[in-house]
Each structure stands twice: as C-alpha cells, then as structure tokens.
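Down below is the structure, laid out as structure tokens.
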Amino acid sequence: MNDSHRSSGHAHHTEHHGRELDARYLGIAFGLITLFMVAEVIVAVYSSSLALIADAGHMLTDAGALATSIWATRLAMRPAVGSWTFGFKRAEILSAAGNGVLLLLVAVLVTFESIHRLVKITPVNGSAVTTVALVGIAVNILTVYVIAKASRSSLNVEGAYQHIVTDLYGFLATAAAGIAIIVTGYERADAIASLVVVVLMLRASWGLLKASGRILLEAAPENISLDEIRVHLLEVDHVIDVHDVHAWTLTSDMPALSAHVVVEDSCFSDGHAPQIIDELQACLIEHFGVEHCTFQLEPSGHLDHELGTH
C-alpha cells in the first residue's frame with residue numbers, strides 16, 4: 001500500500017470517528033432537551049405563559065433539529081455506493097437547511113400570537129415563568145456545552161448548535177419577563193419577550209439558510225477566489241492557460257474544484273503530464289486547502305473544439 005492510500009485510509013477513519021463522536025454528543029443533547037420540553041409544556045399551560053409556549057415550541061424544533069442532525073450524521077457515514085458516488089455526505093446540508101426552515105416557521109407562528117397577546121392581555125403567572133426560565137437557562141447551558149464538543153465546522157452540527165443557543169437567549173428574555181411581571185405586574189412583558197425570541201430565531205434561520213443554500217446551489221466557497229486560483233495555477237511550469245474553472249462544496253469543509261488546463265504540447269510526448277497534475281494539486285492544497293480536485297490537461301488547440309466553456 002502506498003503512502004497516498006495510507007493517508008486516504010487514515011483520513012477516512014478519522015472522519016468516521018469524528019462523526020461517531022458528533023452523533024453521540026447530539027444524542028445527549030437530544031435527551032436533555034426532550035425531557036425539559038415536556039416539563040415546560042406542562043408549566044406553560046398551567047401558567048398561561050406565551051413566552052413559555054414560544055420557548056417550548058422552539059425547543060420542539062430543537063428536538064426535531066437534533067434528531068434530524070443525528071440521522072444526517074449517521075447517513076453521512078455511509079460509504080459511496082452505486083449511483084451515490086459521493087455517498088450521503090450532503091444529507092448534513094439538507095439537515096441544516098431544514099433546521100433553518102423550522103426556525104422560520106416557528107418564528108412566524110409566535111409573531112402572530114405575540115401580537116395578539118399585546119392587543120389582548122392574558123393573565124400570566126410570573127413566578128412559574130421565572131422558575132421554568134431559570135431551569136431552562138441551566139439546561140440550555142449544559143446542552144450548549146455538550147454540543148460545543150462536537151465539530152462545529154459541520155454545518156449540520158452548527159445548525160443544531162444555533163437552535164440551542166437561540167433557545168438559551170430566549171430563556172434569558174423569558175426570565176426577564178417573568179421578573180418584570182412579578183415586580184411591576186406588566187403582563188405584556190411576556191409577549192414582548194416572545195418577540196425577542198422571534199428576532200433571534202430569524203437571525204439564526206437566515207444564517208443557516210444562507211450557508212446551506214450556497215452549498216445546495218453549488219456556489220463557490222466564500223473563502224475561495226476563482227481569479228486567485230487561476231493566477232496560482234498559471235504559475236506552474238508549462239501551463240499556458242486555465243479555463244472552465246468550477247469550485248463548489250460537497251459538504252461542510254469539503255471543497256472541490258475542477259479545471260481545464262492548457263499545457264505545452266511537448267508535455268504529452270515527453271511524459272511530463274503526470275508531474276504537472278501533481279504540481280497543480282499541490283498548489284491547490286497549499287494555497288487554498290482544496291484536496292478534491294480534477295484537472296483536464298489539454299493541448300493548445302483543443303479549446304477550439306470545446307463547447308460551453310466557462
């Protein structure tokens with residue numbers, strides 16, 4: 001077995017082990033959130049608190065997001081087979097996009113109910129709200145600590161993380177509303193706290209949908225400039241031109257690139273072409289961190305026969 005095969009095998013083992021750990025941490029977080037959510041719904045109904053209902057609804061999406069993230073992580077661990085030539089790695093991106101949509105839907109529902117509560121005041125048990133919110137803060141801090149141990153470079157894990165962090169901030173707002181109700185009797189504070197949670201949901205949702213959307217629509221990674229790539233590749237000896245450059249992201253932290261590279265005609269007769277490919281790959285790894293790349297070497301006259309060049 002040569003060094004490249006050993007390196008590939010080691011990288012695959014490391015990636016697989018990392019996803020196993022991610023799934024384990026996400027599972028612990030799922031258990032914590034689910035247990036607390038059940039208790040919160042009971043208290044929310046008893047206290048007539050919209051803020052707690054909003055938090056419970058958000059925690060339901062948290063539980064769903066965590067369950068989906070666990071499923072996507074397990075799915076991404078499956079090897080490439082048959083027509084699934086990249087395996088199921090992009091399932092993690094679909095999970096992140098789903099989390100963004102869930103946050104958006106819950107935000108819309110809570111907004112409508114909050115506005116209704118601002119217009120028509122509903123009695124709220126401030127003590128119950130404050131107690132549950134304080135317990136919720138503790139549970140969410142513990143959950144954030146657990147998920148932070150997973151790899152947040154994965155957009156899938158980051159989506160679950162954003163759900164929990166948003167919920168933590170929501171509980172802080174809910175605790176403040178509960179205290180305000182106890183001290184001042186201002187029961188609209190409950191609905192106002194709910195709107196604060198909505199703003200946080202929208203912020204997290206936009207971040208997840210933007211990031212996952214770029215990957216699903218095959219946009220070039222934000223940290224990669226195709227113009228800079230062309231400049232670096234043209235510096236390789238015997239390279240005349242570079243065109244049809246495409247860069248995209250397979251899944252989190254896995255950029256890919258393909259390009260047509262025009263080289264001197266002599267490279268095809270003197271056996272120098274394989275060395276050029278090695279140098280092109282080394283250039284991308286060193287300067288841009290792109291390991292998954294495909295190059296088509298061409299003689300100078302080949303461009304005249306190509307259709308749909310970019």
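Residue numbers start at 1 in each chain; chains themselves are named A, B, ... in the order of the structure tokens; ligands are numbered from 1 in the order shown.
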- prompt: Just asking: which residues within stretch 101-302 of chain A are alpha helix (DSSP H) according to DSSP, as a ChimeraX atom specification?
  reply: /A:101-119,126-148,155-184,188-216,226-234,273-288
- prompt: Which neighbours of A:Val197 fall inside 6 Å, counting only C-alpha atoms, when residues of the same chain fewer than 3 positions from it are skipped, and could you give them as a PyMOL selection string?
  reply: chain A and resi 170+194+200
Write the residues of the selection above to a file with C-alpha atoms, as a PDB file, in the first residue's frame.
```pdb
ATOM      1  CA  GLY A 170     -34.882  33.100  24.652  1.00  0.00           C
ATOM      2  CA  SER A 194     -41.646  36.259  22.831  1.00  0.00           C
ATOM      3  CA  LEU A 200     -33.193  35.566  17.499  1.00  0.00           C
TER       4      LEU A 200
END
```
- request: Skip A:Glu20 itself and residues of its chain fewer than 5 positions away, then list as a list in words all residues within 9 Å of it, counting only C-alpha atoms.
  value: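 Neighbouring residues, sequence-local ones excluded: Glu15, Tyr25, Thr73, Arg74 and Met77 of chain A.
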Using C-alpha atoms, can you export the residues from the last selection as a compact mmCIF listing (two decimals), in the first residue's frame?
```txt
# COMPACT_ATOMS: atom_id res chain seq x y z
CA GLU A 15 -13.60 11.43 9.63
CA TYR A 25 -22.91 14.42 21.67
CA THR A 73 -24.64 12.43 10.70
CA ARG A 74 -25.25 8.68 10.62
CA MET A 77 -21.02 8.00 7.49
```
message: To one decimal place in Å, what is the distance between atom CA of A:Val45 and atom CA of A:Val129?
response: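 Between atom CA of A:Val45 and atom CA of A:Val129 the gap works out to 10.7 Å.
The smallest atom-to-atom distance between A:Glu222 and any of A:Leu102, A:Leu202, A:Val242, A:Trp248, using only C-alpha atoms, is found for A:Trp248.
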message: Using only C-alpha atoms, which protein or nucleic acid residues come within 10 Å of A:Leu297? Drop anything in the same chain fewer than 4 positions from it, and give the result as a PyMOL selection string.
response: chain A and resi 239+242+259-264+267-268+273-274+276-277+302
Preceding selection exported with N, CA and C atoms as a PDB file, in the first residue's frame:
```pdb
ATOM      1  N   VAL A 239       2.354  25.485 -17.908  1.00  0.00           N
ATOM      2  CA  VAL A 239       0.922  25.801 -18.014  1.00  0.00           C
ATOM      3  C   VAL A 239       0.759  27.077 -18.830  1.00  0.00           C
ATOM      4  N   VAL A 242      -5.680  28.518 -18.193  1.00  0.00           N
ATOM      5  CA  VAL A 242      -6.594  27.791 -17.316  1.00  0.00           C
ATOM      6  C   VAL A 242      -8.004  28.316 -17.575  1.00  0.00           C
ATOM      7  N   ALA A 259     -10.989  21.924 -13.344  1.00  0.00           N
ATOM      8  CA  ALA A 259     -10.490  22.948 -14.263  1.00  0.00           C
ATOM      9  C   ALA A 259      -9.881  22.296 -15.493  1.00  0.00           C
ATOM     10  N   HIS A 260      -9.967  23.009 -16.605  1.00  0.00           N
ATOM     11  CA  HIS A 260      -9.280  22.607 -17.821  1.00  0.00           C
ATOM     12  C   HIS A 260      -7.974  23.394 -17.880  1.00  0.00           C
ATOM     13  N   VAL A 261      -6.879  22.700 -18.046  1.00  0.00           N
ATOM     14  CA  VAL A 261      -5.560  23.336 -18.016  1.00  0.00           C
ATOM     15  C   VAL A 261      -4.853  23.096 -19.347  1.00  0.00           C
ATOM     16  N   VAL A 262      -4.539  24.169 -20.048  1.00  0.00           N
ATOM     17  CA  VAL A 262      -3.816  24.076 -21.315  1.00  0.00           C
ATOM     18  C   VAL A 262      -2.321  24.073 -21.016  1.00  0.00           C
ATOM     19  N   VAL A 263      -1.621  23.053 -21.507  1.00  0.00           N
ATOM     20  CA  VAL A 263      -0.176  22.931 -21.275  1.00  0.00           C
ATOM     21  C   VAL A 263       0.549  22.854 -22.610  1.00  0.00           C
ATOM     22  N   GLU A 264       1.849  23.014 -22.563  1.00  0.00           N
ATOM     23  CA  GLU A 264       2.663  22.936 -23.775  1.00  0.00           C
ATOM     24  C   GLU A 264       2.504  21.555 -24.419  1.00  0.00           C
ATOM     25  N   CYS A 267       4.466  18.371 -23.448  1.00  0.00           N
ATOM     26  CA  CYS A 267       4.210  17.642 -22.200  1.00  0.00           C
ATOM     27  C   CYS A 267       3.545  16.291 -22.452  1.00  0.00           C
ATOM     28  N   PHE A 268       2.842  16.186 -23.583  1.00  0.00           N
ATOM     29  CA  PHE A 268       2.144  14.942 -23.881  1.00  0.00           C
ATOM     30  C   PHE A 268       3.061  13.912 -24.555  1.00  0.00           C
ATOM     31  N   ALA A 273       3.261  15.151 -18.327  1.00  0.00           N
ATOM     32  CA  ALA A 273       1.892  15.492 -17.905  1.00  0.00           C
ATOM     33  C   ALA A 273       1.571  15.049 -16.476  1.00  0.00           C
ATOM     34  N   PRO A 274       1.908  13.817 -16.050  1.00  0.00           N
ATOM     35  CA  PRO A 274       1.589  13.412 -14.673  1.00  0.00           C
ATOM     36  C   PRO A 274       2.240  14.315 -13.624  1.00  0.00           C
ATOM     37  N   ILE A 276       2.857  17.466 -13.934  1.00  0.00           N
ATOM     38  CA  ILE A 276       2.111  18.734 -13.901  1.00  0.00           C
ATOM     39  C   ILE A 276       0.868  18.590 -13.030  1.00  0.00           C
ATOM     40  N   ILE A 277       0.172  17.451 -13.169  1.00  0.00           N
ATOM     41  CA  ILE A 277      -1.019  17.224 -12.341  1.00  0.00           C
ATOM     42  C   ILE A 277      -0.649  17.235 -10.867  1.00  0.00           C
ATOM     43  N   HIS A 302      -6.898  22.560 -28.397  1.00  0.00           N
ATOM     44  CA  HIS A 302      -8.104  21.829 -28.015  1.00  0.00           C
ATOM     45  C   HIS A 302      -9.295  22.759 -27.723  1.00  0.00           C
TER      46      HIS A 302
END
```
query: What is the distance, in Å and to one decimal place, between atom CA of A:Tyr145 and atom CA of A:Thr111?
result: 29.2 Å
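When atom CA of A:Glu286 is paired with atom CA of A:Leu233, their separation reads 11.7 Å.
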Best match for closeness to A:Ser258 among A:His292, A:His238, A:Lys120, A:His232, counting only C-alpha atoms: A:His292
Would you pick out the contacts of A:Ile141 at 10 Å or less, using only C-alpha atoms, so that residues sharing its chain but fewer than 6 positions from it are not included, and give the list as a PDB file with N, CA and C atoms, in the first residue's frame?
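Just written: selection26.pdb:
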```pdb
ATOM      1  N   VAL A 135     -34.547  27.403  35.183  1.00  0.00           N
ATOM      2  CA  VAL A 135     -34.160  25.997  34.973  1.00  0.00           C
ATOM      3  C   VAL A 135     -33.774  25.782  33.509  1.00  0.00           C
ATOM      4  N   ILE A 164     -29.970  25.662  19.837  1.00  0.00           N
ATOM      5  CA  ILE A 164     -29.841  25.643  21.296  1.00  0.00           C
ATOM      6  C   ILE A 164     -29.415  27.007  21.835  1.00  0.00           C
ATOM      7  N   VAL A 165     -28.483  27.655  21.157  1.00  0.00           N
ATOM      8  CA  VAL A 165     -28.031  28.982  21.608  1.00  0.00           C
ATOM      9  C   VAL A 165     -29.180  29.979  21.555  1.00  0.00           C
ATOM     10  N   ASP A 167     -32.295  29.293  21.829  1.00  0.00           N
ATOM     11  CA  ASP A 167     -33.188  28.943  22.934  1.00  0.00           C
ATOM     12  C   ASP A 167     -32.651  29.469  24.259  1.00  0.00           C
ATOM     13  N   LEU A 168     -31.356  29.432  24.445  1.00  0.00           N
ATOM     14  CA  LEU A 168     -30.750  29.952  25.670  1.00  0.00           C
ATOM     15  C   LEU A 168     -31.043  31.443  25.818  1.00  0.00           C
TER      16      LEU A 168
END
```
With only C-alpha atoms as the counted atoms, please give the residues lying no more than 7 Å from stretch 28-31 of chain A, apart from itself and same-chain residues fewer than 6 positions off, as a tab-separated table (two decimals) with N, CA and C atoms, in the first residue's frame.
```
chain	number	residue	atom	x	y	z
A	63	ALA	N	-35.52	19.78	19.41
A	63	ALA	CA	-35.52	18.32	19.48
A	63	ALA	C	-35.58	17.72	18.07
A	66	LEU	N	-32.20	18.30	16.41
A	66	LEU	CA	-31.19	17.37	16.93
A	66	LEU	C	-31.40	15.97	16.38
A	67	ALA	N	-32.66	15.53	16.34
A	67	ALA	CA	-32.96	14.20	15.80
A	67	ALA	C	-32.56	14.11	14.33
A	143	THR	N	-26.56	21.91	27.64
A	143	THR	CA	-26.69	21.38	26.27
A	143	THR	C	-25.71	22.04	25.32
A	146	VAL	N	-22.36	20.54	25.78
A	146	VAL	CA	-22.24	19.21	25.17
A	146	VAL	C	-22.05	19.32	23.66
A	147	ILE	N	-22.89	20.14	23.00
A	147	ILE	CA	-22.80	20.25	21.54
A	147	ILE	C	-21.50	20.94	21.12
```
